[in-house]
Amino acid sequence: AVGAEDSAALAADAAPPPTGTPRLVLLIVIDQFGSAEFERIEPFFSHGFRRLVDNGVVFSRGVHQHAATETGPGHATISTGHFPRNHGVVTNWYVEPGLPELIWAGDDEEYGKSPHRLMVPAVGDWLKERYPSAKVFSASAKARAAIMLGGQHANAAFWWEEEDGLLESSTYYDVPDWFESFNNQRLASRFYGKVWEPLPLTRDQLAQLQIESLDMGPLRPSFPHVFGGLRPAPVESFYDDLWGSPWLDMHLAQLAHQILDAEALGRDEVPDLLALSFSVSDVIGHRFGPHSREYVDILLRQDRLVGEILDHIDGQVGLDQTLVVLTSDHGVVPVPEVLQRWNKPGSRIDWETIHCVQQATVDLAAEHGVEDWLIAGSYLAPDLGEQTGLSEIELEQITARRLEKCLAVEKVWTDSELTAPAAKQRSEDDERWLFANSYYPGRSAEFQIRYSEYLMRSRGSATTHGTSYLYDRQVPIAFMMPGVAASRPDESIDTVDIAPTIGTLLGLEIPTAVDGIDRSQLLRP
């Protein structure tokens, strides 16, 4: 039944949705789930992902058309249909001119965390503009993922706070009353004492999945995994450990079920949006690599969790009234040592390269008799032109060419090169275009570096992402909707196309400035 408050909101909607419009959109993002991983693990899916593959339109090699393939930019691109150069979320952390400290993409001095730094509306905002009574909720273990998926005017976004062992939101949102009661159950504590054992797989299946075990020493144990310290009850260290466990994804799924029930999503004729991002695959991928038993196990468990959510929606709303979209924020480079076993190129950053990059501008400052060459990481020092007698472009080129002398540095793009009008013209073969799509003056480093392919650029983890190479940019994109036949189109689509395609399927007005295009025609027979 629709209450008085809901009735008032419905009356505010301009007109009822056209017949056949989905009543619910479920947008699912799997963190660190590249096309290579999807294609390798897909035969083993048997629940939610299998339902999408068997009944949806699957673009197995969708593409992020920006160079900074990180969580924040990926989620903001998916939700807004804009490249980072327009939505402003260029990296997870960035440095503004004159400020040495890192700024997190979701930081907000007034609210603590909010979409304050997201410069354009997201598909949920388009939905609420068309239908004021529409509900938009987003959730993820990562705050930046939840915030960017929800957009500027979500009813609420939720994320994990390991210090308290609770899910949390922000005063920016109108957090519903039921959320406090949900948190008071302290459901995450019920995972204490659980041991993570892998789901059963045969030797042949492990070989088909290309599982590779890495010798990480006694301090990086393999299965079984336990979480928390040698204590009879959970403390903060346990909640921090949950980042590397399947239980955090399970807790997110518990919240998703609560949102569906408490908010009655999809139960009236006005469409609602629930956006979920499952984060543990990214944490496990960094720690163990995409060819680890741990990573595969997390994906198989996420498959089950998504299946349970789809079953819930089918019983509450009906999948015949639901649009389901699945994708990922980025891929990952395989672990270098695994590539080397397969006689393929792969290397890990060494101290010489780090020292070369660090020393490059120190040497330039000494050669030109100035105190500072770069400040705050990657910005030319103020008055450097006056001190050296060189123009801005000359300073940029001198800096770029010096950095390119470092062995692992293949190319350095400068501010002038990335802000030139020609840099924004699409070309599949133009690396500058990819870097220009990730470049937002004042937030992006003035020097954008492309390192060698298959180079593991950070230390302390098995592998990472964040480059312009296809292994980081290619991700699956799937749509499942009533009246749409299952297919695997040969054509590839971009992640900026997701939001305008969802908007078109909902009958929304798509902002003319979006970078993506409507691909709904590819979903029809």
# chains A, B, ... in the order shown; residues from 1 in each chain; ligands from 1
$ residues_around --residues "range 66-79 of chain A" --least-positions-apart "5" --cutoff "7 Å" --atoms "only C-alpha atoms" --output "compact mmCIF listing (two decimals) with C-alpha atoms, in the first residue's frame"
# COMPACT_ATOMS: atom_id res chain seq x y z
CA PRO A 84 36.79 11.94 -15.68
CA VAL A 89 36.83 12.34 -10.21
CA VAL A 90 40.23 11.84 -11.81
CA THR A 91 41.78 9.48 -9.24
CA ASN A 92 40.97 8.09 -5.82
CA ALA A 122 24.46 10.78 -12.43
CA VAL A 123 21.76 8.55 -13.86
CA ARG A 144 34.02 6.40 -2.87
CA ALA A 145 32.26 3.63 -4.80
CA MET A 148 29.93 8.05 -6.92
CA LEU A 149 27.33 5.44 -7.88
CA ASP A 329 35.23 -0.21 -12.49
CA HIS A 330 38.51 -1.58 -13.89
CA LEU A 434 42.90 8.36 -23.06
CA PHE A 435 45.06 10.53 -20.82
CA ASN A 437 39.91 11.93 -20.79
CA SER A 438 41.41 11.49 -17.33
CA HIS A 465 45.77 -1.46 -11.85
CA GLY A 466 45.46 2.17 -12.93
CA THR A 467 47.02 2.22 -16.40
CA SER A 468 45.77 2.89 -19.93
CA ASP A 472 43.04 -2.45 -16.95
CA ARG A 473 40.41 -0.91 -19.24
CA THR A 495 31.45 2.29 -19.94
CA VAL A 496 30.35 5.89 -20.57
CA ILE A 498 25.99 2.59 -19.59
CA ALA A 499 24.25 5.60 -17.99
$ closest_atom_pairs --of "range 20-47 of chain A" --to "range 304-318 of chain A" --cutoff "8 Å" --atoms "only C-alpha atoms" --output "JSON lines"
{"residue": "A:Arg23", "atom": "CA", "partner": "A:Val317", "partner_atom": "CA", "distance": 7.8}
{"residue": "A:Leu24", "atom": "CA", "partner": "A:Val317", "partner_atom": "CA", "distance": 7.8}
{"residue": "A:Ser46", "atom": "CA", "partner": "A:Arg304", "partner_atom": "CA", "distance": 7.7}
{"residue": "A:His47", "atom": "CA", "partner": "A:Gly307", "partner_atom": "CA", "distance": 4.9}
$ write_last_selection --atoms "C-alpha atoms" --output "PDB file, in the first residue's frame"
ATOM      1  CA  ARG A  23      10.017  -0.390 -12.054  1.00  0.00           C
ATOM      2  CA  LEU A  24      13.471  -1.128 -10.650  1.00  0.00           C
ATOM      3  CA  SER A  46      25.931 -20.923 -11.664  1.00  0.00           C
ATOM      4  CA  HIS A  47      23.819 -18.338  -9.842  1.00  0.00           C
TER       5      HIS A  47
END
$ atom_distance --atom1 "CA of Ala141 in chain A" --atom2 "CA of Pro290 in chain A"
19.8 Å
$ closest_residue --among "A:Val175, A:Leu455, A:Ala154, A:Leu166" --to "Val333 in chain A" --atoms "only C-alpha atoms"
A:Leu455
$ residues_around --residues "Thr19 in chain A" --least-positions-apart "4" --cutoff "12 Å" --atoms "only C-alpha atoms" --output "list in words"
Ala15, Arg23, Glu269, Val270, Pro271, Gln321, Leu505, Leu506 and Gly507 of chain A
$ closest_residue --among "A:Leu127, A:Leu384, A:Met456, A:Phe479" --to "Pro17 in chain A" --atoms "only C-alpha atoms"
A:Leu127
$ select_by_dssp --residues "range 400-474 of chain A" --states "alpha helix (DSSP H)" --output "JSON, numbers by chain"
{"A": [400, 401, 402, 403, 415, 416, 417, 418, 419, 431, 432, 433, 434, 435, 436, 437, 470, 471, 472, 473]}
$ residues_around --residues "range 232-239 of chain A" --least-positions-apart "6" --cutoff "6 Å" --atoms "only C-alpha atoms" --output "MDAnalysis selection string"
chainID A and resid 162:163 165
$ residues_around --residues "Leu167 in chain A" --least-positions-apart "4" --cutoff "8 Å" --atoms "only C-alpha atoms" --output "number ranges by chain"
A: 158-161, 183
$ residues_around --residues "Arg401 in chain A" --least-positions-apart "3" --cutoff "12 Å" --atoms "only C-alpha atoms" --output "list in words"
Val357, Ala360, Thr361, Leu364, Glu394, Leu395, Glu396, Gln397, Ile398, Glu404, Lys405, Cys406, Val409, Glu410, Lys411, Val412, Trp413, Thr414, Phe447 and Ile449 of chain A
$ write_last_selection --atoms "N, CA and C atoms" --output "tab-separated table (two decimals), in the first residue's frame"
chain	number	residue	atom	x	y	z
A	357	VAL	N	62.81	8.43	-11.04
A	357	VAL	CA	61.67	9.34	-11.12
A	357	VAL	C	61.76	10.40	-10.03
A	360	ALA	N	64.68	12.96	-10.85
A	360	ALA	CA	64.64	13.71	-12.11
A	360	ALA	C	64.49	15.21	-11.89
A	361	THR	N	63.50	15.61	-11.12
A	361	THR	CA	63.25	17.04	-10.95
A	361	THR	C	64.17	17.66	-9.89
A	364	LEU	N	66.92	18.68	-12.08
A	364	LEU	CA	66.56	19.86	-12.87
A	364	LEU	C	66.66	21.13	-12.03
A	394	GLU	N	58.18	25.26	-22.43
A	394	GLU	CA	59.58	24.79	-22.33
A	394	GLU	C	59.82	24.06	-21.02
A	395	LEU	N	59.29	24.59	-19.93
A	395	LEU	CA	59.43	23.93	-18.63
A	395	LEU	C	58.78	22.55	-18.65
A	396	GLU	N	57.59	22.48	-19.26
A	396	GLU	CA	56.90	21.19	-19.35
A	396	GLU	C	57.72	20.19	-20.15
A	397	GLN	N	58.23	20.61	-21.29
A	397	GLN	CA	58.95	19.69	-22.16
A	397	GLN	C	60.26	19.23	-21.52
A	398	ILE	N	60.98	20.14	-20.87
A	398	ILE	CA	62.21	19.75	-20.19
A	398	ILE	C	61.92	18.71	-19.12
A	404	GLU	N	61.29	10.86	-18.98
A	404	GLU	CA	61.29	9.78	-19.98
A	404	GLU	C	62.63	9.09	-20.10
A	405	LYS	N	63.67	9.63	-19.47
A	405	LYS	CA	64.96	8.95	-19.45
A	405	LYS	C	64.96	7.76	-18.50
A	406	CYS	N	63.99	7.72	-17.61
A	406	CYS	CA	63.89	6.58	-16.68
A	406	CYS	C	63.44	5.35	-17.46
A	409	VAL	N	59.71	4.39	-17.86
A	409	VAL	CA	58.81	5.44	-18.31
A	409	VAL	C	58.79	5.46	-19.83
A	410	GLU	N	57.62	5.19	-20.42
A	410	GLU	CA	57.52	5.16	-21.87
A	410	GLU	C	57.13	6.51	-22.46
A	411	LYS	N	56.27	7.25	-21.76
A	411	LYS	CA	55.80	8.53	-22.29
A	411	LYS	C	55.29	9.38	-21.15
A	412	VAL	N	55.54	10.69	-21.25
A	412	VAL	CA	55.00	11.66	-20.28
A	412	VAL	C	54.19	12.68	-21.05
A	413	TRP	N	52.91	12.81	-20.68
A	413	TRP	CA	52.03	13.81	-21.28
A	413	TRP	C	51.98	15.02	-20.36
A	414	THR	N	52.00	16.20	-20.94
A	414	THR	CA	52.02	17.44	-20.16
A	414	THR	C	50.66	18.12	-20.17
A	447	PHE	N	51.86	16.32	-14.98
A	447	PHE	CA	52.63	15.38	-15.79
A	447	PHE	C	52.04	13.99	-15.61
A	449	ILE	N	52.13	10.12	-16.53
A	449	ILE	CA	53.18	9.19	-16.95
A	449	ILE	C	52.56	7.86	-17.39
